[in-house]
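Trainee: Before we start, here is the structure in question, set down as structure tokens.
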Amino acid sequence: MLLAFDYICYAMKLLIKNIKSLVQVREININKVCGKDMAVLPCLENAWLAIDNGLIADFGKMEDFPGITDWKDLEVIDASGKIVMPCYADSHTHIVYAGNRESEFVDRINGLSYEEIAKRGGGILNSVKKLRDTSEDELFDQSFVRFNEIILQGTGSVEIKSGYGLNLESEIKILRVIKRLKDLNIIPVKATFLGAHAIPAEFKDNKKGYIDLIINEMLPAIAKEKLADYIDVFCEKNYFSAEETKQILEAGLKHGLTPKVHAEQLSHSNGIKTAVECKAISVDHLEFCNDDDIVLLKNSNTMPTILPGAAFFLNLQLPPARKMIDAGLPVAFASDYNPGSSPSGNMNFMMSLGCIDYKLNPEEVINASTINSAYAMDLSKEVGSITIGKKANIFITKPIASYGYIPYAFGSSLIETVIINGVIF
């Protein structure tokens, strides 16, 4: 197993100078950006950025550089021709899983739908079987590889869901692995209990019995060990109805878990309405979001979160991200990194899909993948922008023309250096 000692030691002082463009600069911290403001991305050209004890200490233009002769043991990085950005905040992943579902990829190529594969015992239940047969230590080792992978691709905070256990023992096992990742103190990690991801085979004809298990056994055990921050439900036809979703979310609230919802992915199931009623911090997927849903979201504090990788990989109709923003809503982007419907945590690629398929401009997808996705994890005060006092979780690109080149060059690896807590990762 790899160790992470180097990642958790803070550099005392770091200066990045001659930055071509310092992106997402917010002198006053904000929680999110909405509507037309999503097309505004504040930047400083020919800039410097100072980091002290793992936090952003100061920044400015090179022409106004004050000098730091009183600093000792200063490490300097010359970023001439390069872009510096806050790391991505990936607010929806399932990276703690066992094995893969490559065979289902071939099934879809051969014409089977996601629902047809699920009915044959594939889909989520396929991952459940693999996970139940995997030890906690082996599951941690597999997940740690993916955890490092997303950080090297520019992700500096992440939410990770359970949901591939679907019994008390295995859901606890996943959440304990997530806690082990969190306790490494590399990047902020939020844990979500998603026991209501599907109906396990042993409860195939007894959904009420499984919901009772979630409410009466799983939730108290998870609360006792303080293993989760959020509770999530897959509100969807053949999974959990809006009424069942509300019942489970309200039970989670009693144990201090903030709601999130998988909603309107494969059909319209009133998941958005339920999420708003339960004051969910985010509602995710949204392929079948309609005009009434947009009105509901506009009158709420719930962050609509688009998962471009899942719609792309499953060839689904696209969520109406453009319409949401034009209606004045905020929008967040996340990867949905999981073995079945989005086997990638590459947020650079998610932004490319946002521009190409959803007709968002580069400014909008960067805001969606940084400050707004940080909001969807209640991390806006810690990450998501270049703001004094926030974590120094940033990345430096290779020499490129502008930040727009990142979503433009969708197949290129453009990140040269990732800095986490002020330390080169």
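Letters A, B, ... mark the chains of the structure tokens in the order given; residue numbers begin at 1 per chain; ligand numbers begin at 1, in order shown.
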Got a sec: who's within 7 Å of A:Lys190, counting only C-alpha atoms, leaving out chain neighbours fewer than 6 positions off, as a list in words?
Mentor: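 Selected residues are Val158, Glu159, Ile160, Asp229 and Met377 of chain A.
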Trainee: As number ranges by chain, please: the residues near stretch 216-228 of chain A (cut-off 10 Å, only C-alpha atoms, same-chain neighbours under 3 positions excluded).
Mentor: A: 160-162, 166-169, 171-172, 174-179, 190-195, 210-213, 231, 248, 251-252, 254-258
Trainee: If you count only C-alpha atoms, which residues fall within 12 Å of A:Asp141, apart from same-chain ones fewer than 5 positions away, as a PyMOL selection string?
Mentor: chain A and resi 1-3+95-99+134-136+146-148+177-178+180-181
Trainee: Generate the output file for the selected residues, N, CA and C atoms, as an mmCIF file, in the first residue's frame.
Mentor:
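To be explicit, this is the file written out as selection_25.cif:
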```cif
data_model
loop_
_atom_site.group_PDB
_atom_site.id
_atom_site.type_symbol
_atom_site.label_atom_id
_atom_site.label_comp_id
_atom_site.auth_asym_id
_atom_site.auth_seq_id
_atom_site.Cartn_x
_atom_site.Cartn_y
_atom_site.Cartn_z
ATOM 1 N N MET A 1 0.842 -1.200 0.000
ATOM 2 C CA MET A 1 0.000 0.000 0.000
ATOM 3 C C MET A 1 0.872 1.243 0.000
ATOM 4 N N LEU A 2 0.487 2.237 -0.786
ATOM 5 C CA LEU A 2 1.223 3.501 -0.811
ATOM 6 C C LEU A 2 0.961 4.285 0.468
ATOM 7 N N LEU A 3 1.932 5.056 0.873
ATOM 8 C CA LEU A 3 1.785 5.897 2.044
ATOM 9 C C LEU A 3 1.742 7.360 1.627
ATOM 10 N N ILE A 95 -15.986 6.610 -5.700
ATOM 11 C CA ILE A 95 -14.682 6.017 -6.019
ATOM 12 C C ILE A 95 -14.297 4.847 -5.117
ATOM 13 N N VAL A 96 -15.060 4.619 -4.047
ATOM 14 C CA VAL A 96 -14.799 3.434 -3.228
ATOM 15 C C VAL A 96 -15.651 2.289 -3.765
ATOM 16 N N TYR A 97 -15.060 1.510 -4.647
ATOM 17 C CA TYR A 97 -15.739 0.343 -5.215
ATOM 18 C C TYR A 97 -14.714 -0.738 -5.492
ATOM 19 N N ALA A 98 -15.196 -1.935 -5.796
ATOM 20 C CA ALA A 98 -14.318 -3.080 -6.029
ATOM 21 C C ALA A 98 -14.406 -3.513 -7.491
ATOM 22 N N GLY A 99 -13.254 -3.813 -8.082
ATOM 23 C CA GLY A 99 -13.234 -4.338 -9.451
ATOM 24 C C GLY A 99 -13.676 -3.305 -10.464
ATOM 25 N N THR A 134 -14.960 -8.349 -1.110
ATOM 26 C CA THR A 134 -13.659 -7.677 -0.998
ATOM 27 C C THR A 134 -13.440 -7.212 0.436
ATOM 28 N N SER A 135 -12.251 -7.462 0.970
ATOM 29 C CA SER A 135 -11.950 -7.045 2.346
ATOM 30 C C SER A 135 -11.812 -5.531 2.428
ATOM 31 N N GLU A 136 -11.924 -4.987 3.631
ATOM 32 C CA GLU A 136 -11.795 -3.542 3.815
ATOM 33 C C GLU A 136 -10.424 -3.043 3.379
ATOM 34 N N ARG A 146 -7.381 5.338 -6.993
ATOM 35 C CA ARG A 146 -8.277 6.285 -7.670
ATOM 36 C C ARG A 146 -8.221 7.660 -7.002
ATOM 37 N N PHE A 147 -8.088 7.673 -5.689
ATOM 38 C CA PHE A 147 -7.987 8.914 -4.924
ATOM 39 C C PHE A 147 -6.766 9.718 -5.383
ATOM 40 N N ASN A 148 -5.623 9.074 -5.488
ATOM 41 C CA ASN A 148 -4.423 9.742 -5.997
ATOM 42 C C ASN A 148 -4.601 10.188 -7.445
ATOM 43 N N VAL A 177 -13.816 2.943 4.838
ATOM 44 C CA VAL A 177 -12.752 3.224 3.864
ATOM 45 C C VAL A 177 -12.730 4.713 3.532
ATOM 46 N N ILE A 178 -13.907 5.310 3.338
ATOM 47 C CA ILE A 178 -13.970 6.748 3.070
ATOM 48 C C ILE A 178 -13.366 7.527 4.242
ATOM 49 N N ARG A 180 -11.048 6.496 6.245
ATOM 50 C CA ARG A 180 -9.596 6.321 6.191
ATOM 51 C C ARG A 180 -8.975 7.281 5.174
ATOM 52 N N LEU A 181 -9.644 7.472 4.058
ATOM 53 C CA LEU A 181 -9.161 8.450 3.074
ATOM 54 C C LEU A 181 -9.239 9.865 3.649
#
```
Trainee: When DSSP works through the backbone of this structure, what residues of stretch 235-339 of chain A end up as alpha helix (DSSP H), shown as JSON, numbers by chain?
Mentor: {"A": [242, 243, 244, 245, 246, 247, 248, 249, 250, 251, 252, 253, 254, 271, 272, 273, 274, 275, 276, 277, 291, 292, 293, 294, 295, 296, 297, 298, 308, 309, 310, 311, 312, 313, 314, 321, 322, 323, 324, 325, 326]}
Trainee: Any idea what's packed within 7 Å of A:Val233, counting only C-alpha atoms, ignoring anything in its chain fewer than 4 positions away? Could you give it as a list in words?
Mentor: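 Listing them by chain and then by number gives Leu194, Ala196, His197, Thr245, Val261 and His262 of chain A.
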Trainee: For C-alpha atoms, I'd like the residues from the last selection saved as a PDB file, in the first residue's frame.
Mentor:
```pdb
ATOM      1  CA  LEU A 194     -26.221   6.035  -0.142  1.00  0.00           C
ATOM      2  CA  ALA A 196     -30.800   3.683  -0.934  1.00  0.00           C
ATOM      3  CA  HIS A 197     -28.872   3.200  -4.183  1.00  0.00           C
ATOM      4  CA  THR A 245     -36.976   9.170  -0.893  1.00  0.00           C
ATOM      5  CA  VAL A 261     -30.602  13.345  -4.113  1.00  0.00           C
ATOM      6  CA  HIS A 262     -29.928  11.451  -7.340  1.00  0.00           C
TER       7      HIS A 262
END
```
Trainee: Given the choices A:Asn46, A:Tyr114, A:Ser143, A:Ser267, which gets closest to A:Ala310 if the distance is worked out from only C-alpha atoms?
Mentor: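 Closest to A:Ala310, using only C-alpha atoms: A:Tyr114.
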Trainee: Per residue of stretch 357-403 of chain A within 12 Å of stretch 26-38 of chain A, record the nearest atom pair and its distance in Å to one decimal, counting only C-alpha atoms, with rows in chain order and ascending residue number, as a tab-separated table.
Mentor:
```
residue	atom	partner	partner_atom	distance
A:Leu360	CA	A:Met38	CA	9.6
A:Asn361	CA	A:Met38	CA	9.2
A:Pro362	CA	A:Met38	CA	9.8
A:Glu363	CA	A:Met38	CA	6.8
A:Glu364	CA	A:Met38	CA	4.9
A:Val365	CA	A:Met38	CA	8.3
A:Ile366	CA	A:Met38	CA	8.8
A:Asn367	CA	A:Met38	CA	6.2
A:Ala368	CA	A:Met38	CA	7.8
A:Ser369	CA	A:Lys32	CA	11.0
A:Thr370	CA	A:Lys32	CA	9.3
A:Ile371	CA	A:Lys32	CA	5.8
A:Asn372	CA	A:Lys32	CA	5.0
A:Ser373	CA	A:Lys32	CA	8.4
A:Ala374	CA	A:Asn31	CA	8.2
A:Tyr375	CA	A:Asn31	CA	6.0
A:Ala376	CA	A:Lys32	CA	9.2
A:Met377	CA	A:Asn31	CA	10.9
A:Asp378	CA	A:Asn31	CA	8.7
A:Leu379	CA	A:Asn31	CA	8.6
A:Ser380	CA	A:Asn31	CA	5.3
A:Lys381	CA	A:Asn29	CA	7.2
A:Glu382	CA	A:Asn29	CA	9.7
A:Val383	CA	A:Asn29	CA	10.0
A:Gly384	CA	A:Asn31	CA	9.1
A:Ser385	CA	A:Arg26	CA	6.3
A:Ile386	CA	A:Arg26	CA	5.9
A:Thr387	CA	A:Arg26	CA	5.4
A:Ile388	CA	A:Glu27	CA	7.2
A:Gly389	CA	A:Asn29	CA	9.7
A:Lys390	CA	A:Asn29	CA	9.2
```
Trainee: To test your reading of the structure, identify every residue in stretch 130-316 of chain A that backbone DSSP assigns to strand (DSSP E), and report it as a ChimeraX atom specification.
Mentor: /A:155-161,189-196,230-235,258-263,282-285,303-306
Trainee: What is the atom CA of A:Ser342-atom CA of A:His285 distance in Å, reported with one decimal?
Mentor: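 Value for the atom CA of A:Ser342-atom CA of A:His285 distance: 11.8 Å.
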Trainee: Give me, as a PyMOL selection string, all polymer residues having an atom no more than 7 Å from A:Glu45, counting only C-alpha atoms and skipping those fewer than 2 positions away in the same chain.
Mentor: chain A and resi 20-22+43+47+61
Trainee: Could you turn the residues from that selection into a file that holds N, CA and C atoms, as a PDB file, in the first residue's frame?
Mentor:
```pdb
ATOM      1  N   LYS A  20       1.035  33.717 -15.742  1.00  0.00           N
ATOM      2  CA  LYS A  20       0.404  34.344 -16.911  1.00  0.00           C
ATOM      3  C   LYS A  20      -1.003  34.806 -16.566  1.00  0.00           C
ATOM      4  N   SER A  21      -1.787  33.916 -15.924  1.00  0.00           N
ATOM      5  CA  SER A  21      -3.138  34.293 -15.499  1.00  0.00           C
ATOM      6  C   SER A  21      -3.493  33.530 -14.231  1.00  0.00           C
ATOM      7  N   LEU A  22      -3.821  34.264 -13.172  1.00  0.00           N
ATOM      8  CA  LEU A  22      -4.283  33.685 -11.922  1.00  0.00           C
ATOM      9  C   LEU A  22      -5.815  33.702 -11.972  1.00  0.00           C
ATOM     10  N   CYS A  43      -9.891  37.262 -12.988  1.00  0.00           N
ATOM     11  CA  CYS A  43      -8.505  36.793 -13.134  1.00  0.00           C
ATOM     12  C   CYS A  43      -7.542  37.954 -12.918  1.00  0.00           C
ATOM     13  N   ALA A  47       0.737  37.687 -12.633  1.00  0.00           N
ATOM     14  CA  ALA A  47       0.460  37.757 -11.202  1.00  0.00           C
ATOM     15  C   ALA A  47       1.453  36.942 -10.376  1.00  0.00           C
ATOM     16  N   LYS A  61      -0.504  41.602  -8.692  1.00  0.00           N
ATOM     17  CA  LYS A  61       0.174  41.701  -9.984  1.00  0.00           C
ATOM     18  C   LYS A  61       1.674  41.857  -9.762  1.00  0.00           C
TER      19      LYS A  61
END
```
